[in-house]
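Undergrad: Before we start, here is the structure in question, set down as structure tokens.
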Amino acid sequence: MSTAVTPVAPPPASGAWQPGDPPGDRRFVTLFADRPLRLEGGGTLGPITVAYETWGERASDDANAVLVCHALTGDSHLSGPAGPGHATAGWWDGIVAAGAALDARRWWVVCPNVLGGCQGTTGPASGDADGRPWGSRFPALTIRDQVAVEVALADALGVGRWAAVVGGSMGGMRALEWTVSQPERVARAVLLACGAVATAEQIALSALQSEAIRLDPGFAGGDYYAAPAGAGPWRGLGLARRI
């Protein structure tokens with residue numbers, strides 16, 4: 001007796017959100033259009049588009065405004081179902097549920113896609129001035145650069161002080177940077193699964209993950225966005241995440 005096997009479609013070269021795709025629950029704002037962001041490692045970047053989502057009702061005095069910073073593989077879709085524009089359900093759905101820590105009946109929650117995140121926010125998959133994906137030409141970023149963009153987003157939204165900044169892993173690093181560089185704008189911080197510095201072990205494991213991606217022929221030096229489905233660096237990325 002034989003069992004038919006349904007073929008699995010090859011993964012796209014990139015999972016990045018692109019203009020023209022369904023926006024889902026994303027909202028967008030353009031920052032650094034008049035004066036580019038000066039990057040910590042040198043050079044500038046701008047204009048920068050930021051995608052973000054919100055939950056709850058904003059208080060007139062912003063006393064209930066909470067910023068959530070997602071981890072490396074997250075995006076702005078903190079909570080909500082999968083659907084057009086959102087390949088998966090919210091990555092922290094339970095946190096904004098009734099009676100949960102960030103109950104949307106009490107808090108106004110904002111979650112932006114991080115700079116470089118490519119889920120609506122400017123990153124390597126975004127088009128440059130010529131419309132070509134940045135790819136390998138996209139500048140190296142630091143946590144401080146990413147927080148500078150989140151600060152600019154807060155300015156654009158008119159939020160002078162967050163009731164709390166919450167983040168886990170890479171998001172926790174950004175939440176920590178908020179408290180260091182913008183202490184007057186953070187009433188409370190919730191730092192999860194992160195430390196004040198990267199240990200030698202963390203640096204070593206991260207270096208192995210980066211090398212696994214770069215050694216995948218599909219990575220093509222970072223310029224793989226025009227590759228057909230199945231030809232992107234998904235094998236190297238899968239190995240990196242298993243590490």
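If you're wondering about the labels, chains in the structure tokens are A, B, ... by order shown, residues count from 1 in each chain, ligands from 1 in order shown.
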For Met173 (chain A), please output as a PDB file with N, CA, C and O atoms, in the first residue's frame all residues within 12 Å (counting only C-alpha atoms; exclusion window: fewer than 6 positions along the same chain).
TA:
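Result file out34.pdb:
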```
ATOM      1  N   VAL A  68       6.793  47.797  23.191  1.00  0.00           N
ATOM      2  CA  VAL A  68       7.295  46.427  23.214  1.00  0.00           C
ATOM      3  C   VAL A  68       8.308  46.272  22.094  1.00  0.00           C
ATOM      4  O   VAL A  68       8.008  46.544  20.925  1.00  0.00           O
ATOM      5  N   CYS A  69       9.519  45.831  22.443  1.00  0.00           N
ATOM      6  CA  CYS A  69      10.611  45.638  21.483  1.00  0.00           C
ATOM      7  C   CYS A  69      10.760  44.141  21.210  1.00  0.00           C
ATOM      8  O   CYS A  69      11.023  43.366  22.128  1.00  0.00           O
ATOM      9  N   HIS A  70      10.599  43.755  19.949  1.00  0.00           N
ATOM     10  CA  HIS A  70      10.624  42.327  19.626  1.00  0.00           C
ATOM     11  C   HIS A  70      12.047  41.789  19.522  1.00  0.00           C
ATOM     12  O   HIS A  70      13.016  42.537  19.396  1.00  0.00           O
ATOM     13  N   ALA A  71      12.158  40.476  19.547  1.00  0.00           N
ATOM     14  CA  ALA A  71      13.455  39.800  19.460  1.00  0.00           C
ATOM     15  C   ALA A  71      13.918  39.720  18.003  1.00  0.00           C
ATOM     16  O   ALA A  71      13.259  40.214  17.086  1.00  0.00           O
ATOM     17  N   LEU A  72      15.067  39.067  17.781  1.00  0.00           N
ATOM     18  CA  LEU A  72      15.712  39.036  16.468  1.00  0.00           C
ATOM     19  C   LEU A  72      14.774  38.573  15.363  1.00  0.00           C
ATOM     20  O   LEU A  72      14.718  39.177  14.289  1.00  0.00           O
ATOM     21  N   THR A 142      23.816  48.901  14.892  1.00  0.00           N
ATOM     22  CA  THR A 142      23.999  48.581  16.303  1.00  0.00           C
ATOM     23  C   THR A 142      22.658  48.704  17.027  1.00  0.00           C
ATOM     24  O   THR A 142      21.695  49.273  16.497  1.00  0.00           O
ATOM     25  N   ILE A 143      22.610  48.184  18.216  1.00  0.00           N
ATOM     26  CA  ILE A 143      21.413  48.343  19.056  1.00  0.00           C
ATOM     27  C   ILE A 143      21.093  49.826  19.239  1.00  0.00           C
ATOM     28  O   ILE A 143      19.933  50.243  19.197  1.00  0.00           O
ATOM     29  N   ARG A 144      22.131  50.637  19.396  1.00  0.00           N
ATOM     30  CA  ARG A 144      21.917  52.076  19.593  1.00  0.00           C
ATOM     31  C   ARG A 144      21.278  52.718  18.363  1.00  0.00           C
ATOM     32  O   ARG A 144      20.404  53.592  18.487  1.00  0.00           O
ATOM     33  N   GLN A 146      19.257  51.187  16.293  1.00  0.00           N
ATOM     34  CA  GLN A 146      17.873  50.726  16.271  1.00  0.00           C
ATOM     35  C   GLN A 146      17.019  51.504  17.277  1.00  0.00           C
ATOM     36  O   GLN A 146      15.872  51.862  16.993  1.00  0.00           O
ATOM     37  N   VAL A 147      17.585  51.782  18.435  1.00  0.00           N
ATOM     38  CA  VAL A 147      16.849  52.553  19.433  1.00  0.00           C
ATOM     39  C   VAL A 147      16.671  53.997  18.978  1.00  0.00           C
ATOM     40  O   VAL A 147      15.629  54.612  19.225  1.00  0.00           O
ATOM     41  N   VAL A 165       8.886  50.203  28.910  1.00  0.00           N
ATOM     42  CA  VAL A 165       9.492  49.650  27.699  1.00  0.00           C
ATOM     43  C   VAL A 165       9.808  48.192  28.010  1.00  0.00           C
ATOM     44  O   VAL A 165      10.506  47.897  28.986  1.00  0.00           O
ATOM     45  N   VAL A 166       9.279  47.282  27.197  1.00  0.00           N
ATOM     46  CA  VAL A 166       9.364  45.848  27.460  1.00  0.00           C
ATOM     47  C   VAL A 166      10.078  45.181  26.289  1.00  0.00           C
ATOM     48  O   VAL A 166       9.779  45.477  25.124  1.00  0.00           O
ATOM     49  N   GLY A 167      11.010  44.283  26.586  1.00  0.00           N
ATOM     50  CA  GLY A 167      11.671  43.569  25.497  1.00  0.00           C
ATOM     51  C   GLY A 167      12.342  42.311  25.966  1.00  0.00           C
ATOM     52  O   GLY A 167      12.772  42.214  27.122  1.00  0.00           O
ATOM     53  N   THR A 179      16.791  52.709  28.532  1.00  0.00           N
ATOM     54  CA  THR A 179      16.976  53.204  29.903  1.00  0.00           C
ATOM     55  C   THR A 179      18.300  53.937  30.064  1.00  0.00           C
ATOM     56  O   THR A 179      18.422  54.832  30.895  1.00  0.00           O
ATOM     57  N   VAL A 180      19.311  53.558  29.244  1.00  0.00           N
ATOM     58  CA  VAL A 180      20.630  54.185  29.334  1.00  0.00           C
ATOM     59  C   VAL A 180      20.656  55.520  28.612  1.00  0.00           C
ATOM     60  O   VAL A 180      21.149  56.526  29.137  1.00  0.00           O
ATOM     61  N   ALA A 189      11.114  49.619  33.005  1.00  0.00           N
ATOM     62  CA  ALA A 189      11.653  48.754  31.957  1.00  0.00           C
ATOM     63  C   ALA A 189      11.538  47.305  32.402  1.00  0.00           C
ATOM     64  O   ALA A 189      11.780  46.988  33.566  1.00  0.00           O
ATOM     65  N   VAL A 190      11.139  46.458  31.477  1.00  0.00           N
ATOM     66  CA  VAL A 190      11.064  45.018  31.723  1.00  0.00           C
ATOM     67  C   VAL A 190      12.030  44.354  30.744  1.00  0.00           C
ATOM     68  O   VAL A 190      11.806  44.355  29.536  1.00  0.00           O
ATOM     69  N   LEU A 191      13.131  43.826  31.289  1.00  0.00           N
ATOM     70  CA  LEU A 191      14.200  43.249  30.476  1.00  0.00           C
ATOM     71  C   LEU A 191      14.183  41.735  30.637  1.00  0.00           C
ATOM     72  O   LEU A 191      14.367  41.228  31.741  1.00  0.00           O
ATOM     73  N   LEU A 192      13.974  41.018  29.542  1.00  0.00           N
ATOM     74  CA  LEU A 192      13.832  39.569  29.581  1.00  0.00           C
ATOM     75  C   LEU A 192      14.897  38.897  28.710  1.00  0.00           C
ATOM     76  O   LEU A 192      15.165  39.347  27.588  1.00  0.00           O
ATOM     77  N   ALA A 193      15.502  37.839  29.220  1.00  0.00           N
ATOM     78  CA  ALA A 193      16.419  37.004  28.434  1.00  0.00           C
ATOM     79  C   ALA A 193      17.521  37.812  27.769  1.00  0.00           C
ATOM     80  O   ALA A 193      17.823  37.639  26.588  1.00  0.00           O
ATOM     81  N   CYS A 194      18.125  38.714  28.519  1.00  0.00           N
ATOM     82  CA  CYS A 194      19.236  39.500  27.980  1.00  0.00           C
ATOM     83  C   CYS A 194      20.156  39.879  29.131  1.00  0.00           C
ATOM     84  O   CYS A 194      19.787  39.784  30.296  1.00  0.00           O
ATOM     85  N   GLY A 195      21.342  40.314  28.769  1.00  0.00           N
ATOM     86  CA  GLY A 195      22.288  40.762  29.781  1.00  0.00           C
ATOM     87  C   GLY A 195      22.792  42.147  29.444  1.00  0.00           C
ATOM     88  O   GLY A 195      22.475  42.705  28.394  1.00  0.00           O
ATOM     89  N   ALA A 196      23.589  42.706  30.329  1.00  0.00           N
ATOM     90  CA  ALA A 196      24.132  44.042  30.089  1.00  0.00           C
ATOM     91  C   ALA A 196      25.213  44.021  29.018  1.00  0.00           C
ATOM     92  O   ALA A 196      25.454  45.022  28.340  1.00  0.00           O
ATOM     93  N   VAL A 197      25.870  42.875  28.863  1.00  0.00           N
ATOM     94  CA  VAL A 197      26.906  42.717  27.836  1.00  0.00           C
ATOM     95  C   VAL A 197      26.762  41.328  27.222  1.00  0.00           C
ATOM     96  O   VAL A 197      26.133  40.445  27.803  1.00  0.00           O
ATOM     97  N   ALA A 198      27.357  41.138  26.042  1.00  0.00           N
ATOM     98  CA  ALA A 198      27.395  39.822  25.415  1.00  0.00           C
ATOM     99  C   ALA A 198      28.597  39.050  25.951  1.00  0.00           C
ATOM    100  O   ALA A 198      29.709  39.578  25.998  1.00  0.00           O
TER     101      ALA A 198
END
```
Undergrad: Region 54-197 of chain A: which residues are helix (DSSP H, G or I) by DSSP, as a ChimeraX atom specification?
TA: /A:93-96,135-137,143-157,170-181,183-185
Undergrad: What lies within 10 Å of Phe219 (chain A) using only C-alpha atoms, ignoring chain neighbours under 2 positions off, as JSON, numbers by chain?
TA: {"A": [13, 136, 212, 213, 214, 215, 216, 217, 221, 222, 223, 224, 225, 227, 231, 232, 233, 234, 235, 236, 237]}
Undergrad: Would you pick out the contacts of region 83-99 of chain A at 7 Å or less, using only C-alpha atoms, so that residues sharing its chain but fewer than 6 positions from it are not included, and give the list as a PyMOL selection string?
TA: chain A and resi 21-24+77
Undergrad: Put those residues in a file: N, CA, C and O atoms, as a tab-separated table (two decimals), in the first residue's frame.
TA:
```
chain	number	residue	atom	x	y	z
A	21	ASP	N	2.42	44.16	-0.84
A	21	ASP	CA	1.86	43.05	-0.08
A	21	ASP	C	0.74	43.57	0.81
A	21	ASP	O	0.71	44.75	1.17
A	22	PRO	N	-0.21	42.72	1.22
A	22	PRO	CA	-1.24	43.17	2.16
A	22	PRO	C	-0.60	43.74	3.43
A	22	PRO	O	0.30	43.11	4.00
A	23	PRO	N	-1.01	44.90	3.88
A	23	PRO	CA	-0.38	45.49	5.07
A	23	PRO	C	-0.78	44.82	6.37
A	23	PRO	O	-0.08	44.98	7.38
A	24	GLY	N	-1.88	44.07	6.37
A	24	GLY	CA	-2.35	43.51	7.63
A	24	GLY	C	-2.70	44.62	8.60
A	24	GLY	O	-3.35	45.59	8.23
A	77	HIS	N	3.97	42.23	14.65
A	77	HIS	CA	2.72	41.51	14.91
A	77	HIS	C	2.78	40.80	16.26
A	77	HIS	O	2.84	39.58	16.36
```
Undergrad: From a DSSP calculation on the backbone, collect every residue of region 110-214 of chain A in strand (DSSP E) and output the set as a ChimeraX atom specification.
TA: /A:110-112,164-168,189-192
Undergrad: Those residues with N, CA, C and O atoms, as a compact mmCIF listing (two decimals), in the first residue's frame please?
TA:
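part.txt was written with the following content:
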```
# COMPACT_ATOMS: atom_id res chain seq x y z
N VAL A 110 2.39 49.61 21.85
CA VAL A 110 2.97 49.89 20.54
C VAL A 110 4.12 48.93 20.30
O VAL A 110 4.99 48.77 21.16
N CYS A 111 4.11 48.26 19.15
CA CYS A 111 5.21 47.36 18.80
C CYS A 111 5.67 47.67 17.38
O CYS A 111 4.95 47.38 16.41
N PRO A 112 6.86 48.25 17.21
CA PRO A 112 7.39 48.51 15.88
C PRO A 112 8.28 47.37 15.38
O PRO A 112 8.87 46.64 16.18
N ALA A 164 6.15 52.07 30.22
CA ALA A 164 7.09 50.95 30.31
C ALA A 164 7.65 50.66 28.93
O ALA A 164 6.98 50.87 27.92
N VAL A 165 8.89 50.20 28.91
CA VAL A 165 9.49 49.65 27.70
C VAL A 165 9.81 48.19 28.01
O VAL A 165 10.51 47.90 28.99
N VAL A 166 9.28 47.28 27.20
CA VAL A 166 9.36 45.85 27.46
C VAL A 166 10.08 45.18 26.29
O VAL A 166 9.78 45.48 25.12
N GLY A 167 11.01 44.28 26.59
CA GLY A 167 11.67 43.57 25.50
C GLY A 167 12.34 42.31 25.97
O GLY A 167 12.77 42.21 27.12
N GLY A 168 12.44 41.33 25.05
CA GLY A 168 13.12 40.09 25.34
C GLY A 168 14.20 39.81 24.33
O GLY A 168 14.06 40.15 23.15
N ALA A 189 11.11 49.62 33.00
CA ALA A 189 11.65 48.75 31.96
C ALA A 189 11.54 47.30 32.40
O ALA A 189 11.78 46.99 33.57
N VAL A 190 11.14 46.46 31.48
CA VAL A 190 11.06 45.02 31.72
C VAL A 190 12.03 44.35 30.74
O VAL A 190 11.81 44.35 29.54
N LEU A 191 13.13 43.83 31.29
CA LEU A 191 14.20 43.25 30.48
C LEU A 191 14.18 41.74 30.64
O LEU A 191 14.37 41.23 31.74
N LEU A 192 13.97 41.02 29.54
CA LEU A 192 13.83 39.57 29.58
C LEU A 192 14.90 38.90 28.71
O LEU A 192 15.17 39.35 27.59
```
